[in-house]
Amino acid sequence: MLAGRQVEDRREELLGRAGVGPHVQADIQRQLHLWTLRQQLYCRMRESFHHTDLPGPPSSVSLFVTSASSLFVSIREPTGIVTGLITHYRGEWSTSANFKSILGSAHVIDTKTPIHSITGLTTGVHYFVRVAAYNVKGWGPAQSSSPVSAAPSSWIECMGVKTPSRNKEALVRRLLEQTREPHYRGYCIVLSGDSRLGAGVL
């Protein structure tokens, strides 16, 4: 509306000052041209806004365990017809599946490679993560992560995994047994200092 009023005012000023010098008229025409361009731009922006819908949920939210106190989140943009530019994402995490108590949130502004590392978590506690996308119309629906939850941990603490120190003796024993098996037997040629060849069987 402001741009439209400015366009009308410049047109009236141009007609009312028809007898002024060429420099003054050129300045009025320049202002009229600039305000006309602004008006056209604002009209296109308004039309685009009216045709824009809320973004859909991210197509996928992948959740990974990276350490005993952190999780890693990877986001993929919504699929289908996107009518508005997504400017950023919001990730939230909680220890309850219904997100009744949200422990933290983060905004991801890099929409080309939307990733985020959640740090400072408690080892062994399961965390649920969800992510929503944002455009000029607002926030879209959230997408839960896959898997739906994850617990920060290290590989030593995983169930059923033995540490290398516990497994060393068994590995050495197995290697010695394999060297004694028949399919490890073969021939070797030994070169002596006096150029005589000797063949031996292992």
# chains A, B, ... in the order shown; residues from 1 in each chain; ligands from 1
call {"tool": "closest_atom_pairs", "arguments": {"of": "segment 12-62 of chain A", "to": "segment 135-159 of chain A", "cutoff": "6 Å", "atoms": "only C-alpha atoms", "output": "Markdown table"}}
result
| residue | atom | partner | partner_atom | distance |
| --- | --- | --- | --- | --- |
| A:Leu54 | CA | A:Gly140 | CA | 5.4 |
| A:Pro55 | CA | A:Gly140 | CA | 4.9 |
| A:Gly56 | CA | A:Gly140 | CA | 5.5 |
| A:Pro57 | CA | A:Pro141 | CA | 5.2 |
| A:Pro58 | CA | A:Gln143 | CA | 5.9 |
| A:Val61 | CA | A:Ser145 | CA | 4.6 |
| A:Ser62 | CA | A:Ser146 | CA | 5.1 |
call {"tool": "write_last_selection", "arguments": {"atoms": "all heavy atoms", "output": "CSV table (one decimal), in the first residue's frame"}}
result
chain,number,residue,atom,x,y,z
A,54,LEU,N,2.0,-24.6,4.8
A,54,LEU,CA,3.0,-25.0,5.8
A,54,LEU,C,3.8,-26.2,5.3
A,54,LEU,O,3.3,-27.0,4.5
A,54,LEU,CB,2.2,-25.4,7.1
A,54,LEU,CG,1.6,-24.3,7.9
A,54,LEU,CD1,0.8,-24.9,9.0
A,54,LEU,CD2,2.7,-23.4,8.5
A,55,PRO,N,5.0,-26.2,5.6
A,55,PRO,CA,5.9,-27.4,5.1
A,55,PRO,C,5.4,-28.7,5.7
A,55,PRO,O,4.8,-28.7,6.8
A,55,PRO,CB,7.3,-27.0,5.6
A,55,PRO,CG,7.1,-26.2,6.8
A,55,PRO,CD,5.8,-25.4,6.5
A,56,GLY,N,5.6,-29.8,5.0
A,56,GLY,CA,5.3,-31.1,5.5
A,56,GLY,C,6.4,-31.5,6.5
A,56,GLY,O,7.4,-30.8,6.7
A,57,PRO,N,6.3,-32.7,7.1
A,57,PRO,CA,7.3,-33.2,8.0
A,57,PRO,C,8.5,-33.6,7.2
A,57,PRO,O,8.4,-34.0,6.0
A,57,PRO,CB,6.6,-34.4,8.7
A,57,PRO,CG,5.6,-34.8,7.7
A,57,PRO,CD,5.1,-33.6,7.0
A,58,PRO,N,9.7,-33.6,7.8
A,58,PRO,CA,10.9,-34.1,7.1
A,58,PRO,C,10.7,-35.5,6.6
A,58,PRO,O,10.0,-36.3,7.3
A,58,PRO,CB,12.0,-34.0,8.2
A,58,PRO,CG,11.5,-32.9,9.1
A,58,PRO,CD,10.0,-33.0,9.1
A,61,VAL,N,14.2,-38.6,9.7
A,61,VAL,CA,15.1,-38.1,10.7
A,61,VAL,C,15.9,-39.3,11.3
A,61,VAL,O,15.3,-40.1,12.0
A,61,VAL,CB,14.3,-37.4,11.8
A,61,VAL,CG1,15.2,-36.9,12.9
A,61,VAL,CG2,13.5,-36.3,11.3
A,62,SER,N,17.1,-39.4,10.9
A,62,SER,CA,18.0,-40.6,11.4
A,62,SER,C,18.7,-40.2,12.6
A,62,SER,O,19.3,-39.1,12.8
A,62,SER,CB,19.0,-40.9,10.3
A,62,SER,OG,18.3,-41.3,9.1
call {"tool": "residues_around", "arguments": {"residues": "His88 of chain A", "least_positions_apart": "5", "cutoff": "10 Å", "atoms": "only C-alpha atoms", "output": "ChimeraX atom specification"}}
result
/A:107-112,114,132-135,139
call {"tool": "select_by_dssp", "arguments": {"residues": "segment 38-138 of chain A", "states": "strand (DSSP E)", "output": "PyMOL selection string"}}
result
chain A and resi 60-67+70-76+88-94+102-108+115-118+127-135+138
call {"tool": "write_last_selection", "arguments": {"atoms": "N, CA and C atoms", "output": "tab-separated table (two decimals), in the first residue's frame"}}
result
chain	number	residue	atom	x	y	z
A	60	SER	N	12.71	-37.92	6.51
A	60	SER	CA	13.33	-38.87	7.44
A	60	SER	C	14.19	-38.11	8.44
A	61	VAL	N	14.25	-38.65	9.65
A	61	VAL	CA	15.11	-38.13	10.71
A	61	VAL	C	15.87	-39.32	11.28
A	62	SER	N	17.15	-39.41	10.93
A	62	SER	CA	17.96	-40.55	11.35
A	62	SER	C	18.70	-40.22	12.64
A	63	LEU	N	18.69	-41.18	13.57
A	63	LEU	CA	19.29	-40.97	14.88
A	63	LEU	C	20.43	-41.98	15.08
A	64	PHE	N	21.61	-41.47	15.48
A	64	PHE	CA	22.79	-42.32	15.66
A	64	PHE	C	23.41	-42.06	17.04
A	65	VAL	N	23.98	-43.12	17.60
A	65	VAL	CA	24.75	-42.99	18.84
A	65	VAL	C	26.20	-42.70	18.46
A	66	THR	N	26.76	-41.62	18.99
A	66	THR	CA	28.14	-41.24	18.65
A	66	THR	C	29.10	-41.34	19.82
A	67	SER	N	28.60	-41.33	21.05
A	67	SER	CA	29.48	-41.49	22.20
A	67	SER	C	28.64	-41.82	23.42
A	70	SER	N	26.42	-38.46	23.75
A	70	SER	CA	25.93	-37.67	22.62
A	70	SER	C	25.21	-38.53	21.59
A	71	LEU	N	24.31	-37.89	20.86
A	71	LEU	CA	23.59	-38.49	19.74
A	71	LEU	C	23.75	-37.59	18.53
A	72	PHE	N	23.60	-38.17	17.35
A	72	PHE	CA	23.75	-37.43	16.09
A	72	PHE	C	22.45	-37.55	15.30
A	73	VAL	N	21.97	-36.40	14.78
A	73	VAL	CA	20.70	-36.36	14.05
A	73	VAL	C	20.96	-35.90	12.62
A	74	SER	N	20.45	-36.66	11.66
A	74	SER	CA	20.55	-36.31	10.25
A	74	SER	C	19.14	-36.15	9.68
A	75	ILE	N	18.89	-35.04	8.98
A	75	ILE	CA	17.53	-34.68	8.54
A	75	ILE	C	17.48	-34.67	7.01
A	76	ARG	N	16.39	-35.16	6.46
A	76	ARG	CA	16.14	-35.06	5.02
A	76	ARG	C	14.88	-34.23	4.80
A	88	HIS	N	14.73	-23.19	7.96
A	88	HIS	CA	15.46	-23.90	9.01
A	88	HIS	C	14.59	-24.99	9.61
A	89	TYR	N	15.24	-25.81	10.46
A	89	TYR	CA	14.57	-26.91	11.14
A	89	TYR	C	14.71	-26.73	12.65
A	90	ARG	N	13.78	-27.34	13.39
A	90	ARG	CA	13.86	-27.35	14.84
A	90	ARG	C	13.82	-28.79	15.34
A	91	GLY	N	14.85	-29.17	16.08
A	91	GLY	CA	14.89	-30.49	16.67
A	91	GLY	C	14.63	-30.42	18.17
A	92	GLU	N	13.88	-31.37	18.67
A	92	GLU	CA	13.58	-31.44	20.11
A	92	GLU	C	13.86	-32.85	20.60
A	93	TRP	N	14.30	-32.97	21.87
A	93	TRP	CA	14.54	-34.29	22.43
A	93	TRP	C	13.96	-34.38	23.84
A	94	SER	N	13.56	-35.59	24.21
A	94	SER	CA	12.90	-35.83	25.48
A	94	SER	C	13.14	-37.28	25.89
A	102	ILE	N	10.07	-31.63	27.45
A	102	ILE	CA	11.13	-31.45	26.46
A	102	ILE	C	12.41	-31.02	27.17
A	103	LEU	N	13.45	-31.82	27.01
A	103	LEU	CA	14.71	-31.53	27.70
A	103	LEU	C	15.56	-30.51	26.97
A	104	GLY	N	15.39	-30.40	25.67
A	104	GLY	CA	16.20	-29.45	24.91
A	104	GLY	C	15.72	-29.34	23.48
A	105	SER	N	16.15	-28.28	22.81
A	105	SER	CA	15.80	-28.06	21.41
A	105	SER	C	16.95	-27.32	20.74
A	106	ALA	N	16.99	-27.40	19.42
A	106	ALA	CA	18.04	-26.73	18.66
A	106	ALA	C	17.51	-26.38	17.28
A	107	HIS	N	17.96	-25.25	16.73
A	107	HIS	CA	17.59	-24.82	15.39
A	107	HIS	C	18.73	-25.13	14.43
A	108	VAL	N	18.40	-25.75	13.32
A	108	VAL	CA	19.38	-26.10	12.29
A	108	VAL	C	19.12	-25.19	11.09
A	115	ILE	N	22.12	-31.27	9.80
A	115	ILE	CA	22.56	-32.24	10.80
A	115	ILE	C	22.73	-31.52	12.13
A	116	HIS	N	22.70	-32.29	13.20
A	116	HIS	CA	22.91	-31.70	14.52
A	116	HIS	C	23.42	-32.76	15.48
A	117	SER	N	24.34	-32.37	16.36
A	117	SER	CA	24.88	-33.26	17.39
A	117	SER	C	24.33	-32.82	18.75
A	118	ILE	N	23.66	-33.74	19.42
A	118	ILE	CA	23.10	-33.48	20.75
A	118	ILE	C	24.10	-33.97	21.78
A	127	TYR	N	16.61	-41.51	24.68
A	127	TYR	CA	16.11	-40.19	24.29
A	127	TYR	C	15.30	-40.32	23.01
A	128	PHE	N	14.17	-39.61	22.98
A	128	PHE	CA	13.32	-39.53	21.80
A	128	PHE	C	13.57	-38.19	21.11
A	129	VAL	N	13.61	-38.23	19.78
A	129	VAL	CA	13.93	-37.03	19.01
A	129	VAL	C	12.87	-36.82	17.93
A	130	ARG	N	12.50	-35.56	17.71
A	130	ARG	CA	11.60	-35.20	16.62
A	130	ARG	C	12.07	-33.89	15.99
A	131	VAL	N	11.73	-33.70	14.71
A	131	VAL	CA	12.20	-32.53	13.96
A	131	VAL	C	11.04	-31.98	13.13
A	132	ALA	N	10.93	-30.64	13.08
A	132	ALA	CA	9.93	-29.95	12.27
A	132	ALA	C	10.62	-28.94	11.35
A	133	ALA	N	10.01	-28.68	10.19
A	133	ALA	CA	10.55	-27.73	9.22
A	133	ALA	C	9.78	-26.40	9.31
A	134	TYR	N	10.44	-25.32	8.87
A	134	TYR	CA	9.85	-23.97	8.96
A	134	TYR	C	9.97	-23.25	7.63
A	135	ASN	N	8.88	-22.58	7.22
A	135	ASN	CA	8.94	-21.65	6.10
A	135	ASN	C	8.20	-20.37	6.47
A	138	GLY	N	5.17	-20.69	8.72
A	138	GLY	CA	5.28	-21.18	10.09
A	138	GLY	C	5.85	-22.59	10.15
call {"tool": "atom_distance", "arguments": {"atom1": "atom CA of Met45 of chain A", "atom2": "atom CA of Arg10 of chain A"}}
result
22.8 Å
call {"tool": "atom_distance", "arguments": {"atom1": "atom CA of Asp27 of chain A", "atom2": "atom CA of Leu41 of chain A"}}
result
21.4 Å
call {"tool": "select_by_dssp", "arguments": {"residues": "segment 4-150 of chain A", "states": "alpha helix (DSSP H)", "output": "ChimeraX atom specification"}}
result
/A:4-16,22-50
call {"tool": "closest_residue", "arguments": {"among": "A:Arg174, A:Leu37, A:Thr113, A:Gln25", "to": "Glu77 of chain A", "atoms": "only C-alpha atoms"}}
result
A:Thr113
call {"tool": "residues_around", "arguments": {"residues": "Tyr42 of chain A", "least_positions_apart": "6", "cutoff": "10 Å", "atoms": "only C-alpha atoms", "output": "compact mmCIF listing (two decimals) with all heavy atoms, in the first residue's frame"}}
result
# COMPACT_ATOMS: atom_id res chain seq x y z
N MET A 1 0.83 -1.21 0.00
CA MET A 1 0.00 0.00 0.00
C MET A 1 0.87 1.26 0.00
O MET A 1 0.57 2.23 -0.71
CB MET A 1 -0.91 -0.02 1.22
CG MET A 1 -1.98 -1.11 1.18
SD MET A 1 -2.97 -1.18 2.71
CE MET A 1 -3.72 0.46 2.65
N ALA A 3 3.92 1.51 -1.20
CA ALA A 3 4.53 1.63 -2.52
C ALA A 3 3.53 2.16 -3.54
O ALA A 3 3.88 2.98 -4.40
CB ALA A 3 5.07 0.26 -2.96
N GLY A 4 2.28 1.71 -3.45
CA GLY A 4 1.25 2.21 -4.36
C GLY A 4 1.00 3.70 -4.19
O GLY A 4 0.84 4.43 -5.18
N THR A 36 7.82 1.97 -8.59
CA THR A 36 7.04 1.02 -9.40
C THR A 36 7.63 -0.38 -9.30
O THR A 36 6.90 -1.37 -9.17
CB THR A 36 7.01 1.48 -10.87
OG1 THR A 36 6.43 2.78 -10.95
CG2 THR A 36 6.18 0.52 -11.71
N SER A 48 2.94 -14.87 -3.64
CA SER A 48 3.66 -16.09 -3.26
C SER A 48 3.29 -16.51 -1.85
O SER A 48 3.13 -17.72 -1.57
CB SER A 48 5.18 -15.84 -3.36
OG SER A 48 5.90 -16.96 -2.90
call {"tool": "atom_distance", "arguments": {"atom1": "atom CA of Phe99 of chain A", "atom2": "atom CA of Gly84 of chain A"}}
result
27.5 Å
